[in-house]
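A.B. asks: I have a structure here, written as structure tokens, and I will follow up with some questions on it.
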Amino acid sequence: MQQPLQLPVQQPPGCGKSSLLSSSAGAAGAIPKGPVVCSTVSGNPYAGLVSHLRAAWLSGKTRPLEYRVAQLEALGRFLEEKKQDILEATALDMGKPSFEAYFTEILLCKNELNDTLNNLSHWMKDEHVDKNLVTQLDSAFVRKEPYGVVLIIAPWNYPIHLFLVPLIGAIAAGNCVVIKPSEISKNTERLVAELLTCYLDSDCFAVVTAGVEETTRLLENKFDYIFFTGSPSVGRIIMTAAAKHLTPVTLELGGKNPCYVSDTCDVQNVARRVVWGRFFNAGQTCIAPDYVLCSVEMQEKLMPALREAITEYFGSNPRESPDFARIVGDKQFQRVRALLRSGRVAIGGQTDEKERYIAPTVLADVQPSDPAMQEEIFGPILPIVVVANMDEAIDFINARPRPLAIYAFSCDSKVVNQVLERTSSGGFCGNDTLMHVMLTSLPFGGTGNSGLGKYHGKFTFDTFSHHRGCLHRNMGLEAINSPRYPPYTQQKLGLMTATFEIKRKGMCTLL
Amino acid sequence: MSDHAGLVSHLRAAWLSGRTRPLEYRTAQLEALGRFLEEKKQDILEATALDMRKPSFEVELSEISICRSELNHTLNNLGAWMKDENVDKNWATQLDSAFIHKDPYGVVLIIGPWNYPINLLLVPLIGAIAAGNCVVLKPSEISRNMERLVAEALPSYLDKDCFAVVTAGVEETTRLLENKFDYIFFTGSPSVGRIIMTAAAKHLTPVTLELGGKNPCYVSDTCNVQNVARRVAWGRFFNAGQTCVAPDYVLCSVEMRERLVPALREAIAEFYGSEPRNSPDFARIVGDKQFQRVQALLCSGRVAIGGQTDEKERYIGEGTACAGGTPWDVQENDPVMREEIFGPVLPILTVTSEEDAITFINARERPLTLYVFSSSTKVVRRLLERTSSGGFCANDTIMHMTLTSLPFGGIGLSGMGRYHGRFTFETFSHLRSALLRADGREALNNLRYPPYAPRRLPLLRTTVESRRRTVACTLL
């Protein structure tokens with residue numbers, strides 16, 4: 001089911017770099033709001049759009065605090081006024097329960113907005129830094145500057161949140177932005193393309209709808225930053241494309257998030273927290289616990305507790321629960337369903353292709369070679385892999401690509417700390433799932449295969465800012481500089497090192 | 001199977017053993033690095049003299065002393081930098097432990113250039129070790145004597161299980177890059193930067209690229225011409241211009257040029273005497289290929305000062321376009337304006353106004369550094385606000401790079417990422433978010449579980465929210 005090709009109107013050339021400060025950008029004509037249907041254009045169909053945004057950025061429009069605040073407040077109104085549309089679109093796209101959609105797509109986004117609006121003027125300020133002897137009388141500071149025209153590519157599972165939260169930081173940092181929502185969550189894509197641009201300044205912000213091929217062409221343009229959320233394989237493609245223009249990137253990718261459950265824990269609580277994290281959004285969450293590692297005894301204890309939690313949440317027939325989502329598309333449904341052939345189905349396992357329903361499922365005695373352990377599950381299936389002890393669990397985790405999150409459950413804080421210290425992951429949560437990403441004060445990002453870069457809260461602002469080191473010296477006071485000039489002498493060298501060099505503390509002998 | 005696979009997996013095993021994690025270990029390695037700088041100082045002076053006739057004063061200052069500063073700064077602060085950073089919490093996590101944990105990346109690769117072969121290899125290394133990584137170092141094959149010194153002498157100071165030096169030309173470096181590294185730090189040209197990033201993309205390896213460009217130097221009409229001339233000449237001709245942050249070209253009015261050229265001539269004579277070739281304080285071009293490249297740039301405009309060259313010695317007159325000369329009437333399309341000069345040649349281009357200068361700068365790739373000379377703070381401010389560059393320095397050259405508290409890095413074609421001081425430590429650290437929740441208190445979590453009840457949303461919101469602070473709140 002293909003979306004009709006929707007491209008912006010091609011702008012005439014001449015909006016390039018050299019005409020930045022002139023008014024030729026205005027002469028090129030306004031970009032119409034929303035997508036425009038065109039016949040297939042060869043060459044670089046997005047060049048005009050990108051250079052229009054670049055001209056707007058170079059005009060300095062996005063720099064003042066007031067402008068950024070106004071755009072961010074407009075985003076807030078979008079969330080408020082289009083709340084119902086968002087709930088409906090995500091329900092159509094993947095049967096997202098409105099409670100979940102409200103929580104992740106509206107509430108958490110508003111949190112980020114408020115955090116940013118509360119702090120933006122402070123974040124924007126020049127940061128003065130420590131000076132050495134030679135620069136004592138100078139002004140030394142770090143200035144936060146926008147990159148310019150940035151690209152945000154979002155995935156389908158949290159289709160508003162995962163473009164809006166980066167967008168908040170990009171706007172806050174003073175950039176112009178091209179947003180490319182996922183074509184897989186079709187209804188949300190249409191909503192964003194049609195409605196978002198009405199709220200934002202269309203000279204500086206644009207939504208592009210594109211499938212794989214058009215996105216490839218979009219990436220041929222030079223952006224000043226690219227923020228991508230999606231799979232590691234596409235992440236590689238993005239980074240390779242970015243390398244051609246030396247464009248910095250943040251890649252929020254994925255992986256298999258291990259969930260270690262030690263023998264000393266409150267089994268009921270563990271079951272509830274793990275079930276919540278795994279089956280939220282029918283498992284289509286990058287930070288969901290992907291598989292459990294525990295002893296064979298713990299697997300025995302955990303199973304009834306998991307069953308109880310699933311029943312408590314979704315009833316005896318989860319298919320009838322309004323609180324359980326569906327898989328987003330047929331292709332994804334088939335992929336996840338195939339993973340059921342792993343270990344043995346201990347809980348759930350039912351599927352319905354027409355509804356794209358997969359029951360909350362727990363697989364026991366899963367082997368590392370089983371299908372469910374070969375790829376990120378991204379569905380409502382929780383495999384349990386038995387390990388002898390914590391050390392074996394840690395080795396298991398370290399033998400695999402670094403995940404976005406690692407979870408460890410134990411009453412013994414030493415155990416939790418050991419897992420933290422001896423593994424590597426984007427983030428870590430002890431005794432719960434998902435919660436670490438809801439604190440705007442914690443950086444959210446991956447490492448290794450699960451990504452590079454980080455965001456949320458101030459980290460998003462920093463991601464989209466260039467930190468420019470600045471030194472403003474005195475035009476006079478030339479005497480201070482004399483020792484550095486040729487002709488070089490030993491005496492001058494002595495003076496320079498004495499004034500310049502940082503000494504090791506605690507190493508001086510007092511006479 | 002690539003050449004260095006064995007080496008990389010050896011380092012990876014060492015890293016996984018946890019050896020590089022304790023503060024004591026990192027401190028010991030850093031102190032050993034300090035001893036290398038101390039004990040091998042003479043060898044370093046000799047090697048850099050052989051490679052590009054670097055004056056020992058310049059080596060002592062820009063290579064050894066700077067490294068020692070970075071080392072000491074790191075050793076002074078490492079304990080604090082390594083600590084977990086506690087962060088603000090919301091209601092839901094009030095009783096939990098929420099912090100940022102600094103993790104090493106693992107096995108990192110540092111590729112150094114030839115122009116400051118100690119500084120640009122060791123300063124990243126200091127941060128990489130401080131952050132707890134294992135490191136593969138690849139010094140430049142162009143500064144051959146330094147390459148040999150680093151390959152032969154450095155490993156005996158550091159733990160061989162965790163740190164290695166690889167000597168490699170272009171082809172072997174390409175093969176080295178086929179291995180998976182957990183971080184790559186590269187200093188060099190933008191064209192090679194692209195190659196590095198493309199190779200890194202295959203493994204999703206994060207990178208810092210310290211590249212280059214043409215650093216503009218705008219001289220306004222209100223300035224102390226003598227001081228400007230000295231500071232610019234110093235920045236341009238240090239290391240015979242082979243400096244990534246050197247002022248690459250000057251932009252000024254015709255009137256200012258009239259005053260600047262004699263002042264530059266005076267400064268050059270003051271620094272290097274009437275015959276700069278005989279001055280012990282002026283370096284040489286590093287190799288024949290580079291010499292020919294820079295020499296070709298002399299066919300630009302008119303040589304105002306200097307211009308003499310000597311192929312055997314790889315001497316190009318101290319500076320401004322050929323032996324301390326500035327080409328007159330340099331046009332935008334002249335050879336000297338088409339690439340980063342990286343030699344002792346200073347073109348002067350005239351502009352009709354400050355606005356003109358800003359337009360000129362913004363029409364070009366973003367440089368590593370922007371220089372502005374003006375007695376007027378307003379002029380400095382305007383140039384700062386209306387341009388974009390890696391770093392910025394007003395009324396001097398190069399000095400912004402010597403403050404460990406300022407982040408050093410490029411933007412656009414001049415690079416990505418930043419380092420120096422604490423920023424190097426952070427570059428080589430993965431900031432891992434950690435939330436340690438208490439095991440009990442399940443009652444609070446009930447709000448979030450299905451069956452979902454919309455009436456719970458307001459309370460749930462309160463537990464996770466950040467409220468918008470309004471200026472006008474009514475006190476009751």
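Naming works like this for the structure tokens: A, B, ... for the chains as they're shown, residue 1 at the start of each chain, ligands 1 onward in shown order.
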May I have the residues within 12 Å of Glu300 of chain A as a ChimeraX atom specification, using only C-alpha atoms and disregarding those fewer than 5 positions away in the same chain?
C.D. replies: /A:263,267,294-295,305-307,346,364-365,384,386
A.B. asks: If you count only C-alpha atoms, which residues fall within 7 Å of segment 112-122 of chain B, apart from same-chain ones fewer than 5 positions away, as a PyMOL selection string?
C.D. replies: chain B and resi 63+67+138-140+142-143+146+186-188+242-243
A.B. asks: Take the residues from that selection and put them in a file with C-alpha atoms, as a PDB file, in the first residue's frame.
C.D. replies:
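Output (out22.pdb):
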```
ATOM      1  CA  GLU B  63      54.116  19.992  22.070  1.00  0.00           C
ATOM      2  CA  CYS B  67      50.843  17.896  26.859  1.00  0.00           C
ATOM      3  CA  LYS B 138      48.519   5.495  14.696  1.00  0.00           C
ATOM      4  CA  PRO B 139      51.101   8.262  14.366  1.00  0.00           C
ATOM      5  CA  SER B 140      51.584   9.934  10.996  1.00  0.00           C
ATOM      6  CA  ILE B 142      54.825  11.619   7.113  1.00  0.00           C
ATOM      7  CA  SER B 143      56.705  12.820  10.192  1.00  0.00           C
ATOM      8  CA  MET B 146      58.593  11.066  15.225  1.00  0.00           C
ATOM      9  CA  PHE B 186      41.038  11.449  13.788  1.00  0.00           C
ATOM     10  CA  THR B 187      43.007  14.627  13.134  1.00  0.00           C
ATOM     11  CA  GLY B 188      43.732  15.469   9.523  1.00  0.00           C
ATOM     12  CA  GLN B 242      51.685  24.187   9.314  1.00  0.00           C
ATOM     13  CA  THR B 243      49.041  24.741  11.979  1.00  0.00           C
TER      14      THR B 243
END
```
A.B. asks: I'd like the neighbourhood of segment 393-401 of chain B as a list in words, where a residue qualifies if any of its atoms comes within 6 Å (using only C-alpha atoms), though same-chain residues fewer than 6 positions away should be ignored.
C.D. replies: Cys470, Leu471, His472, Arg473 and Met475 of chain A; Arg231, Gly235, Tyr371, Val372 and Phe373 of chain B
A.B. asks: Between A:Pro289, A:Pro155, A:Gly148, A:Gly169, single out the one closest to Ile184 of chain A, counting only C-alpha atoms.
C.D. replies: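 Closest to Ile184 of chain A of all the choices is A:Pro155.
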A.B. asks: Compile a residue-level contact table for segment 380-436 of chain A against segment 91-95 of chain B at a cut-off of 12 Å, reporting for every qualifying residue the shortest atom pair and its distance in Å to one decimal, with only C-alpha atoms counted, rows ordered by chain and ascending number, as a tab-separated table.
C.D. replies:
```
residue	atom	partner	partner_atom	distance
A:Cys429	CA	B:Thr93	CA	11.8
A:Asp432	CA	B:Thr93	CA	11.1
A:Met435	CA	B:Thr93	CA	8.7
A:His436	CA	B:Thr93	CA	9.2
```
A.B. asks: So that I can see what lies close to Asn431 of chain A, please list as a PyMOL selection string the residues with an atom at most 10 Å from it, counting only C-alpha atoms and leaving out residues fewer than 5 positions away in the same chain.
C.D. replies: (chain A and resi 259-261+265-266+269-270+273-274+407-411+413+416) or (chain B and resi 435-440)
A.B. asks: Output C-alpha atoms of each residue in that selection to a file, as a compact mmCIF listing (two decimals), in the first residue's frame.
C.D. replies:
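File produced: again-v4.txt:
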```
# COMPACT_ATOMS: atom_id res chain seq x y z
CA CYS A 259 16.74 -8.43 31.73
CA TYR A 260 18.62 -10.29 34.43
CA VAL A 261 16.52 -11.57 37.33
CA CYS A 265 13.92 -10.73 44.50
CA ASP A 266 10.25 -10.12 45.08
CA ASN A 269 6.88 -7.15 41.75
CA VAL A 270 9.44 -8.28 39.21
CA ARG A 273 7.30 -4.52 36.17
CA VAL A 274 8.69 -6.79 33.48
CA TYR A 407 17.76 -4.38 33.30
CA ALA A 408 18.73 -6.11 36.50
CA PHE A 409 16.34 -7.22 39.24
CA SER A 410 17.61 -8.04 42.69
CA CYS A 411 16.94 -7.22 46.33
CA SER A 413 22.07 -3.91 45.60
CA VAL A 416 22.56 -4.73 40.67
CA LEU B 435 18.20 4.46 37.56
CA LEU B 436 18.29 2.17 40.56
CA ARG B 437 14.85 1.71 41.94
CA ALA B 438 13.96 0.31 45.28
CA ASP B 439 12.48 -3.11 45.16
CA GLY B 440 9.21 -2.42 47.00
```
